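Source file: data.tsv. Holds: TSV, C-alpha atoms.
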chain	number	residue	atom	x	y	z
X	166	MET	CA	-14.65	-232.11	-22.99
X	167	ALA	CA	-12.61	-232.01	-19.77
X	168	LYS	CA	-10.26	-229.48	-21.35
X	169	LEU	CA	-13.07	-227.46	-22.89
X	170	LEU	CA	-15.02	-226.93	-19.67
X	171	PRO	CA	-12.40	-224.72	-17.94
X	172	CYS	CA	-12.21	-222.60	-21.10
X	173	VAL	CA	-15.96	-222.13	-21.08
X	174	VAL	CA	-15.92	-221.18	-17.40
X	175	ALA	CA	-13.10	-218.74	-18.08
X	176	MET	CA	-15.05	-217.30	-20.99
X	177	VAL	CA	-18.09	-216.72	-18.80
X	178	ALA	CA	-15.96	-215.07	-16.13
X	179	VAL	CA	-14.24	-212.77	-18.60
X	180	LEU	CA	-17.47	-211.86	-20.36
X	181	ALA	CA	-19.08	-211.08	-17.04
X	182	LEU	CA	-16.17	-208.84	-16.14
X	183	CYS	CA	-16.20	-207.07	-19.50
X	184	ASN	CA	-19.95	-206.50	-19.52
X	185	LEU	CA	-20.10	-205.38	-15.89
X	186	TRP	CA	-17.15	-203.00	-16.07
X	187	LEU	CA	-17.13	-201.92	-19.72
X	188	PRO	CA	-16.26	-198.18	-19.65
X	189	ALA	CA	-19.77	-196.80	-19.57
X	190	PHE	CA	-20.46	-194.80	-16.44
X	191	VAL	CA	-17.69	-192.22	-16.69
X	192	PRO	CA	-14.49	-191.78	-18.71
X	193	PRO	CA	-11.39	-193.53	-17.35
X	194	PRO	CA	-9.59	-191.60	-14.59
X	195	ALA	CA	-7.15	-189.01	-15.94
X	196	GLY	CA	-4.17	-190.55	-17.66
X	197	GLN	CA	-5.61	-194.07	-17.75
X	198	SER	CA	-6.69	-196.26	-20.63
X	199	LEU	CA	-7.11	-200.00	-20.98
X	200	ARG	CA	-5.80	-199.76	-24.51
X	201	HIS	CA	-2.55	-198.02	-23.59
X	202	GLY	CA	0.61	-199.77	-22.49
X	203	VAL	CA	2.59	-199.36	-19.30
X	204	HIS	CA	4.93	-196.37	-19.05
X	205	MET	CA	8.60	-197.31	-19.41
X	206	PRO	CA	9.60	-196.30	-15.84
X	207	THR	CA	6.88	-198.60	-14.55
X	208	ALA	CA	8.08	-201.45	-16.72
X	209	VAL	CA	11.68	-200.99	-15.63
X	210	GLY	CA	10.67	-200.84	-11.99
X	211	ALA	CA	8.67	-204.02	-12.31
X	212	ALA	CA	11.50	-205.87	-14.00
X	213	ALA	CA	13.99	-204.75	-11.36
X	214	VAL	CA	12.19	-206.51	-8.53
X	215	LEU	CA	11.12	-209.69	-10.32
X	216	GLY	CA	13.85	-211.94	-9.03
X	217	ALA	CA	13.71	-210.64	-5.47
X	218	ALA	CA	10.00	-210.88	-4.68
X	219	PRO	CA	7.94	-212.87	-7.21
X	220	ALA	CA	5.25	-213.69	-4.65
X	221	ALA	CA	4.68	-210.04	-3.80
X	222	PHE	CA	2.84	-209.44	-7.06
X	223	ALA	CA	0.36	-212.22	-6.34
X	224	ASP	CA	-0.27	-210.74	-2.90
X	225	LYS	CA	-0.87	-207.35	-4.49
X	226	ILE	CA	-3.57	-208.78	-6.74
X	227	ASP	CA	-5.32	-210.27	-3.72
X	228	ASP	CA	-4.99	-207.00	-1.80
X	229	ALA	CA	-6.30	-205.03	-4.78
X	230	ALA	CA	-9.21	-207.46	-5.15
X	231	THR	CA	-10.15	-206.86	-1.53
X	232	LYS	CA	-10.07	-203.10	-2.05
X	233	LEU	CA	-12.11	-203.36	-5.27
X	234	SER	CA	-14.68	-205.64	-3.68
X	235	GLU	CA	-15.22	-203.44	-0.65
X	236	ALA	CA	-15.53	-200.31	-2.80
X	237	SER	CA	-17.90	-201.82	-5.35
X	238	TYR	CA	-20.08	-204.04	-3.15
X	239	PRO	CA	-22.57	-201.24	-2.34
X	240	PHE	CA	-23.04	-200.73	-6.09
X	241	LEU	CA	-23.35	-204.47	-6.62
X	242	LYS	CA	-26.15	-204.72	-4.05
X	243	GLU	CA	-28.16	-202.05	-5.86
X	244	ILE	CA	-28.33	-204.06	-9.08
X	245	ASP	CA	-31.47	-206.12	-9.72
X	246	TRP	CA	-29.83	-209.46	-10.49
X	247	THR	CA	-33.23	-211.08	-11.03
X	248	SER	CA	-33.81	-208.93	-14.12
X	249	PRO	CA	-33.77	-210.83	-17.44
X	250	VAL	CA	-31.68	-208.07	-19.02
X	251	TYR	CA	-28.43	-209.74	-17.91
X	252	GLY	CA	-29.26	-212.95	-19.74
X	253	SER	CA	-29.97	-211.34	-23.09
X	254	LEU	CA	-28.37	-209.06	-25.64
X	255	PRO	CA	-31.22	-207.24	-27.41
X	256	ASN	CA	-30.54	-206.49	-31.08
X	257	ALA	CA	-27.03	-207.93	-30.82
X	258	ASN	CA	-25.39	-209.07	-34.05
X	259	PRO	CA	-24.95	-212.89	-33.77
X	260	VAL	CA	-21.69	-212.77	-35.73
X	261	LYS	CA	-20.24	-210.20	-33.35
X	262	VAL	CA	-21.40	-212.24	-30.36
X	263	LEU	CA	-19.58	-215.26	-31.78
X	264	ALA	CA	-16.49	-213.10	-32.18
X	265	VAL	CA	-16.58	-212.30	-28.46
X	266	ILE	CA	-16.95	-215.99	-27.62
X	267	ASN	CA	-14.05	-216.87	-29.90
X	268	LYS	CA	-11.71	-214.28	-28.37
X	269	ALA	CA	-12.73	-215.33	-24.85
X	270	LEU	CA	-12.09	-219.01	-25.61
X	271	VAL	CA	-8.65	-218.18	-26.98
X	272	MET	CA	-7.91	-216.20	-23.84
X	273	GLY	CA	-9.24	-218.97	-21.59
X	274	ALA	CA	-7.05	-221.56	-23.30
X	275	SER	CA	-3.96	-219.45	-22.50
X	276	MET	CA	-4.69	-219.04	-18.80
X	277	ASP	CA	-2.50	-220.54	-16.12
X	278	SER	CA	-4.14	-223.82	-15.09
X	279	ALA	CA	-3.73	-223.22	-11.36
X	280	ALA	CA	-5.25	-219.73	-11.60
X	281	LEU	CA	-8.05	-221.11	-13.76
X	282	LYS	CA	-8.82	-223.85	-11.24
X	283	LYS	CA	-9.07	-221.30	-8.43
X	284	GLY	CA	-11.40	-219.24	-10.58
X	285	VAL	CA	-13.66	-222.21	-11.25
X	286	LEU	CA	-13.77	-223.11	-7.55
X	287	ALA	CA	-14.44	-219.50	-6.52
X	288	HIS	CA	-17.40	-219.27	-8.87
X	289	ALA	CA	-18.72	-222.70	-7.83
X	290	THR	CA	-18.55	-221.73	-4.16
X	291	ALA	CA	-20.31	-218.43	-4.81
X	292	ILE	CA	-23.11	-220.14	-6.73
X	293	GLY	CA	-23.86	-222.16	-3.61
X	294	HIS	CA	-24.31	-218.96	-1.60
X	295	VAL	CA	-26.55	-216.97	-3.96
X	296	ASP	CA	-29.51	-215.49	-2.08
X	297	SER	CA	-33.07	-214.85	-3.26
X	298	LYS	CA	-32.00	-211.54	-4.81
X	299	GLY	CA	-29.23	-213.11	-6.85
X	300	MET	CA	-26.52	-211.63	-4.61
X	301	ILE	CA	-23.47	-213.36	-3.20
X	302	PRO	CA	-21.65	-212.61	0.10
X	303	LEU	CA	-18.76	-210.16	0.07
X	304	PRO	CA	-16.12	-212.87	0.78
X	305	ASP	CA	-17.25	-214.84	-2.28
X	306	TYR	CA	-17.27	-211.69	-4.40
X	307	THR	CA	-13.75	-210.90	-3.21
X	308	ALA	CA	-12.55	-214.41	-4.01
X	309	ILE	CA	-13.99	-214.18	-7.52
X	310	ASN	CA	-12.35	-210.82	-8.19
X	311	ALA	CA	-9.01	-212.11	-6.93
X	312	ALA	CA	-9.31	-215.24	-9.06
X	313	ILE	CA	-10.19	-213.28	-12.19
X	314	GLY	CA	-7.29	-210.93	-11.51
X	315	HIS	CA	-4.85	-213.84	-11.44
X	316	MET	CA	-6.47	-215.44	-14.49
X	317	VAL	CA	-6.23	-212.26	-16.54
X	318	ALA	CA	-2.67	-211.56	-15.36
X	319	SER	CA	-1.58	-214.97	-16.64
X	320	VAL	CA	-2.39	-214.30	-20.30
X	321	PRO	CA	-0.82	-212.00	-22.92
X	322	LYS	CA	-2.16	-208.46	-22.73
X	323	LYS	CA	-3.19	-208.57	-26.40
X	324	GLN	CA	-5.68	-211.34	-25.69
X	325	VAL	CA	-7.29	-209.28	-22.93
X	326	ILE	CA	-7.60	-206.30	-25.26
X	327	ASP	CA	-9.05	-208.54	-27.99
X	328	VAL	CA	-11.86	-209.66	-25.66
X	329	PHE	CA	-12.45	-206.10	-24.46
X	330	ASN	CA	-12.68	-204.73	-28.00
X	331	ALA	CA	-14.89	-207.58	-29.21
X	332	ALA	CA	-17.29	-207.05	-26.29
X	333	GLY	CA	-17.32	-203.34	-27.06
X	334	ASP	CA	-18.61	-204.15	-30.55
X	335	VAL	CA	-21.58	-205.99	-29.04
X	336	VAL	CA	-22.49	-203.76	-26.09
X	337	ARG	CA	-23.33	-200.15	-26.87
X	338	LYS	CA	-21.62	-198.79	-23.80
X	339	GLU	CA	-23.04	-195.27	-24.07
X	340	GLU	CA	-26.63	-196.51	-24.12
X	341	VAL	CA	-26.16	-199.39	-21.70
X	342	GLY	CA	-24.11	-197.30	-19.29
X	343	ALA	CA	-26.63	-194.49	-19.09
X	344	TYR	CA	-29.47	-196.95	-18.55
X	345	MET	CA	-27.62	-198.97	-15.92
X	346	LYS	CA	-26.47	-195.90	-14.04
X	347	SER	CA	-30.05	-194.65	-13.86
X	348	LEU	CA	-30.98	-197.75	-11.86
X	349	VAL	CA	-28.42	-197.35	-9.08
X	350	ASN	CA	-26.85	-194.69	-6.89
X	351	SER	CA	-24.54	-192.79	-9.23
X	352	GLY	CA	-22.01	-192.16	-6.47
X	353	ASP	CA	-21.72	-195.87	-5.72
X	354	ALA	CA	-21.40	-196.66	-9.43
X	355	GLU	CA	-18.60	-194.14	-9.93
X	356	ALA	CA	-16.77	-195.30	-6.80
X	357	ALA	CA	-16.95	-198.87	-8.06
X	358	TYR	CA	-15.74	-197.84	-11.49
X	359	LYS	CA	-12.78	-195.92	-10.08
X	360	ALA	CA	-11.84	-198.90	-7.90
X	361	PHE	CA	-11.97	-201.18	-10.92
X	362	TRP	CA	-9.48	-199.03	-12.84
X	363	GLU	CA	-7.12	-199.16	-9.89
X	364	PHE	CA	-7.52	-202.95	-9.78
X	365	LYS	CA	-6.82	-203.11	-13.51
X	366	ASP	CA	-3.50	-201.33	-13.00
X	367	VAL	CA	-2.36	-203.88	-10.41
X	368	VAL	CA	-3.35	-206.79	-12.65
X	369	LEU	CA	-1.57	-205.17	-15.60
X	370	ILE	CA	1.67	-204.73	-13.67
X	371	ASN	CA	1.48	-208.30	-12.38
X	372	GLY	CA	0.97	-209.57	-15.92
X	373	LEU	CA	4.00	-207.60	-17.11
X	374	ALA	CA	6.07	-209.00	-14.25
X	375	THR	CA	5.04	-212.56	-15.07
X	376	ALA	CA	5.91	-212.10	-18.75
X	377	VAL	CA	9.35	-210.63	-18.06
X	378	ARG	CA	10.11	-213.21	-15.38
X	379	SER	CA	9.36	-216.01	-17.86
X	380	LEU	CA	11.99	-214.56	-20.19
X	381	PHE	CA	14.82	-214.04	-17.72
X	382	PHE	CA	14.31	-216.46	-14.82
Structure re-expressed in structure tokens:
Amino acid sequence: MAKLLPCVVAMVAVLALCNLWLPAFVPPPAGQSLRHGVHMPTAVGAAAVLGAAPAAFADKIDDAATKLSEASYPFLKEIDWTSPVYGSLPNANPVKVLAVINKALVMGASMDSAALKKGVLAHATAIGHVDSKGMIPLPDYTAINAAIGHMVASVPKKQVIDVFNAAGDVVRKEEVGAYMKSLVNSGDAEAAYKAFWEFKDVVLINGLATAVRSLFF
């Protein structure tokens, strides 16, 4: 049970991230796709600096999390977190929901234990600061985004894509996105979405760096 709990927490974190940021508001910025790999020049550049500055990548995730949090917090505050819609999946296929849970558990089991612990603590701290509207303070939101970034960067890219695709089979992003966007300021939603894609790129590069470093150092 002690080993299962972190996996469950990781699953919840990843599912929350997928459902909140599933490409629904607007198409990905030009030239970007979660399903596409890193361009070769980027990969070579990442590998070239691995031995010299391994800690720099971790700092970049934290910096990117701060930027994402500040850009998306206005959007976050416009969401009605007391609505029951976030605790249900109307008309969802139970088998497909189980598939998402399975992929998320597999991903959670592969996460770096230190990163996972920080993620658990970040979420636990934030829960203690939830206000009457279901919102958390910006520092807690930033800590959660940073923790999730490190958690996701510590697992194979394929496992991240597996969770993303499985969640996409459950959530009808076109319908959900249009509905959700109608409830908030569209400009804030699009700014948040753009910031998320930039954050994704930093996490992706960090994950690549970690993988290559494990092979050569």
Could you tell me how far atom CA of Val250 of chain X sits from atom CA of Leu263 of chain X, in Å to one decimal place?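 Taking atom CA of Leu263 of chain X and atom CA of Val250 of chain X, their separation equals 19.0 Å.
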Between atom CA of Val271 of chain X and atom CA of Leu286 of chain X, what is the spacing in Å?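 Here the two named atoms are 20.7 Å from each other.
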With all atoms listed in the file as the atoms that count, which of X:Val317, X:Ile266, X:Ala356, X:Met300 lies nearest to Gly372 of chain X? X:Val317
Which neighbours of Asp227 of chain X fall inside 9 Å, counting only C-alpha atoms, when residues of the same chain fewer than 3 positions from it are skipped, and could you give them as a PDB file with C-alpha atoms, keeping the file's coordinate frame?
ATOM      1  CA  PHE X 222       2.840-209.440  -7.060  1.00  0.00           C
ATOM      2  CA  ALA X 223       0.360-212.220  -6.340  1.00  0.00           C
ATOM      3  CA  ASP X 224      -0.270-210.740  -2.900  1.00  0.00           C
ATOM      4  CA  ALA X 230      -9.210-207.460  -5.150  1.00  0.00           C
ATOM      5  CA  THR X 231     -10.150-206.860  -1.530  1.00  0.00           C
ATOM      6  CA  LYS X 232     -10.070-203.100  -2.050  1.00  0.00           C
ATOM      7  CA  THR X 307     -13.750-210.900  -3.210  1.00  0.00           C
ATOM      8  CA  ALA X 308     -12.550-214.410  -4.010  1.00  0.00           C
ATOM      9  CA  ASN X 310     -12.350-210.820  -8.190  1.00  0.00           C
ATOM     10  CA  ALA X 311      -9.010-212.110  -6.930  1.00  0.00           C
ATOM     11  CA  ALA X 312      -9.310-215.240  -9.060  1.00  0.00           C
ATOM     12  CA  GLY X 314      -7.290-210.930 -11.510  1.00  0.00           C
ATOM     13  CA  HIS X 315      -4.850-213.840 -11.440  1.00  0.00           C
TER      14      HIS X 315
END
Quick one: everything within 12 Å of Thr290 of chain X, counting only C-alpha atoms, minus sequence neighbours fewer than 4 positions away in the same chain. Send it as a PyMOL selection string. chain X and resi 283-286+294-295+301-302+304-309
Write out as an MDAnalysis selection string which residues come within 6 Å of segment 348-353 of chain X when counting only C-alpha atoms, dropping same-chain ones fewer than 3 positions away. chainID X and resid 240 243 345 356
In Å, how far is it from atom CA of Asn256 of chain X to atom CA of Val335 of chain X?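 According to the coordinates, atom CA of Asn256 of chain X and atom CA of Val335 of chain X are separated by 9.2 Å.
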Protein, DNA and RNA residues within 9 Å of (-13.0, -201.6, -5.9), all atoms listed in the file, as a JSON list (two decimals) with C-alpha atoms, in the coordinates of the input:
[["chain", "number", "residue", "atom", "x", "y", "z"],
["X", 229, "ALA", "CA", -6.30, -205.03, -4.78],
["X", 230, "ALA", "CA", -9.21, -207.46, -5.15],
["X", 231, "THR", "CA", -10.15, -206.86, -1.53],
["X", 232, "LYS", "CA", -10.07, -203.10, -2.05],
["X", 233, "LEU", "CA", -12.11, -203.36, -5.27],
["X", 234, "SER", "CA", -14.68, -205.64, -3.68],
["X", 235, "GLU", "CA", -15.22, -203.44, -0.65],
["X", 236, "ALA", "CA", -15.53, -200.31, -2.80],
["X", 237, "SER", "CA", -17.90, -201.82, -5.35],
["X", 238, "TYR", "CA", -20.08, -204.04, -3.15],
["X", 356, "ALA", "CA", -16.77, -195.30, -6.80],
["X", 357, "ALA", "CA", -16.95, -198.87, -8.06],
["X", 358, "TYR", "CA", -15.74, -197.84, -11.49],
["X", 359, "LYS", "CA", -12.78, -195.92, -10.08],
["X", 360, "ALA", "CA", -11.84, -198.90, -7.90],
["X", 361, "PHE", "CA", -11.97, -201.18, -10.92],
["X", 362, "TRP", "CA", -9.48, -199.03, -12.84],
["X", 363, "GLU", "CA", -7.12, -199.16, -9.89],
["X", 364, "PHE", "CA", -7.52, -202.95, -9.78]]
Could you work out an axis-aligned box for segment 349-354 of chain X, taking every atom the file lists and adding 5 Å on each side, and report centre and edge lengths in Å to one decimal, as lines of an AutoDock Vina configuration file?
center_x = -24.9
center_y = -194.8
center_z = -7.6
size_x = 17.0
size_y = 15.2
size_z = 13.7
Of the candidates X:Gln324, X:Leu270, X:Ile244, X:Asn330, which one gets nearest to Tyr344 of chain X if we count only C-alpha atoms?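 Smallest separation from Tyr344 of chain X among the options: X:Ile244.
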Kindly add N, CA and C atoms to the incomplete segment 295-322 of chain X and provide the output as a JSON list (two decimals), in the frame of the given file.
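Everything below was put into selection37.json:
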[["chain", "number", "residue", "atom", "x", "y", "z"],
["X", 295, "VAL", "N", -25.69, -217.99, -3.38],
["X", 295, "VAL", "CA", -26.55, -216.97, -3.96],
["X", 295, "VAL", "C", -27.87, -216.88, -3.18],
["X", 296, "ASP", "N", -28.27, -215.65, -2.83],
["X", 296, "ASP", "CA", -29.51, -215.49, -2.08],
["X", 296, "ASP", "C", -30.69, -215.27, -3.03],
["X", 297, "SER", "N", -31.85, -214.98, -2.46],
["X", 297, "SER", "CA", -33.07, -214.85, -3.26],
["X", 297, "SER", "C", -33.03, -213.66, -4.21],
["X", 298, "LYS", "N", -32.13, -212.71, -3.95],
["X", 298, "LYS", "CA", -32.00, -211.54, -4.81],
["X", 298, "LYS", "C", -30.90, -211.70, -5.86],
["X", 299, "GLY", "N", -30.29, -212.88, -5.89],
["X", 299, "GLY", "CA", -29.23, -213.11, -6.85],
["X", 299, "GLY", "C", -27.88, -212.61, -6.40],
["X", 300, "MET", "N", -27.77, -212.17, -5.14],
["X", 300, "MET", "CA", -26.52, -211.63, -4.61],
["X", 300, "MET", "C", -25.70, -212.72, -3.94],
["X", 301, "ILE", "N", -24.38, -212.47, -3.89],
["X", 301, "ILE", "CA", -23.47, -213.36, -3.20],
["X", 301, "ILE", "C", -22.81, -212.60, -2.05],
["X", 302, "PRO", "N", -22.32, -213.29, -1.02],
["X", 302, "PRO", "CA", -21.65, -212.61, 0.10],
["X", 302, "PRO", "C", -20.37, -211.92, -0.36],
["X", 303, "LEU", "N", -19.97, -210.90, 0.39],
["X", 303, "LEU", "CA", -18.76, -210.16, 0.07],
["X", 303, "LEU", "C", -17.52, -211.05, -0.01],
["X", 304, "PRO", "N", -17.31, -212.02, 0.90],
["X", 304, "PRO", "CA", -16.12, -212.87, 0.78],
["X", 304, "PRO", "C", -16.07, -213.64, -0.54],
["X", 305, "ASP", "N", -17.22, -214.12, -1.00],
["X", 305, "ASP", "CA", -17.25, -214.84, -2.28],
["X", 305, "ASP", "C", -16.96, -213.89, -3.44],
["X", 306, "TYR", "N", -17.52, -212.70, -3.36],
["X", 306, "TYR", "CA", -17.27, -211.69, -4.40],
["X", 306, "TYR", "C", -15.79, -211.33, -4.45],
["X", 307, "THR", "N", -15.18, -211.21, -3.29],
["X", 307, "THR", "CA", -13.75, -210.90, -3.21],
["X", 307, "THR", "C", -12.92, -212.02, -3.81],
["X", 308, "ALA", "N", -13.28, -213.26, -3.48],
["X", 308, "ALA", "CA", -12.55, -214.41, -4.01],
["X", 308, "ALA", "C", -12.64, -214.48, -5.52],
["X", 309, "ILE", "N", -13.81, -214.17, -6.06],
["X", 309, "ILE", "CA", -13.99, -214.18, -7.52],
["X", 309, "ILE", "C", -13.14, -213.10, -8.17],
["X", 310, "ASN", "N", -13.16, -211.90, -7.62],
["X", 310, "ASN", "CA", -12.35, -210.82, -8.19],
["X", 310, "ASN", "C", -10.87, -211.15, -8.15],
["X", 311, "ALA", "N", -10.42, -211.72, -7.04],
["X", 311, "ALA", "CA", -9.01, -212.11, -6.93],
["X", 311, "ALA", "C", -8.67, -213.18, -7.96],
["X", 312, "ALA", "N", -9.55, -214.15, -8.10],
["X", 312, "ALA", "CA", -9.31, -215.24, -9.06],
["X", 312, "ALA", "C", -9.26, -214.71, -10.49],
["X", 313, "ILE", "N", -10.19, -213.84, -10.84],
["X", 313, "ILE", "CA", -10.19, -213.28, -12.19],
["X", 313, "ILE", "C", -8.94, -212.44, -12.41],
["X", 314, "GLY", "N", -8.52, -211.71, -11.38],
["X", 314, "GLY", "CA", -7.29, -210.93, -11.51],
["X", 314, "GLY", "C", -6.10, -211.80, -11.85],
["X", 315, "HIS", "N", -5.96, -212.92, -11.17],
["X", 315, "HIS", "CA", -4.85, -213.84, -11.44],
["X", 315, "HIS", "C", -5.00, -214.50, -12.81],
["X", 316, "MET", "N", -6.23, -214.83, -13.18],
["X", 316, "MET", "CA", -6.47, -215.44, -14.49],
["X", 316, "MET", "C", -6.07, -214.49, -15.61],
["X", 317, "VAL", "N", -6.52, -213.25, -15.50],
["X", 317, "VAL", "CA", -6.23, -212.26, -16.54],
["X", 317, "VAL", "C", -4.74, -211.94, -16.59],
["X", 318, "ALA", "N", -4.09, -211.88, -15.42],
["X", 318, "ALA", "CA", -2.67, -211.56, -15.36],
["X", 318, "ALA", "C", -1.80, -212.65, -15.98],
["X", 319, "SER", "N", -2.37, -213.85, -16.13],
["X", 319, "SER", "CA", -1.58, -214.97, -16.64],
["X", 319, "SER", "C", -1.58, -215.09, -18.16],
["X", 320, "VAL", "N", -2.31, -214.21, -18.84],
["X", 320, "VAL", "CA", -2.39, -214.30, -20.30],
["X", 320, "VAL", "C", -1.76, -213.07, -20.94],
["X", 321, "PRO", "N", -1.38, -213.17, -22.22],
["X", 321, "PRO", "CA", -0.82, -212.00, -22.92],
["X", 321, "PRO", "C", -1.82, -210.84, -22.94],
["X", 322, "LYS", "N", -1.30, -209.64, -22.77],
["X", 322, "LYS", "CA", -2.16, -208.46, -22.73],
["X", 322, "LYS", "C", -3.01, -208.33, -23.99]]
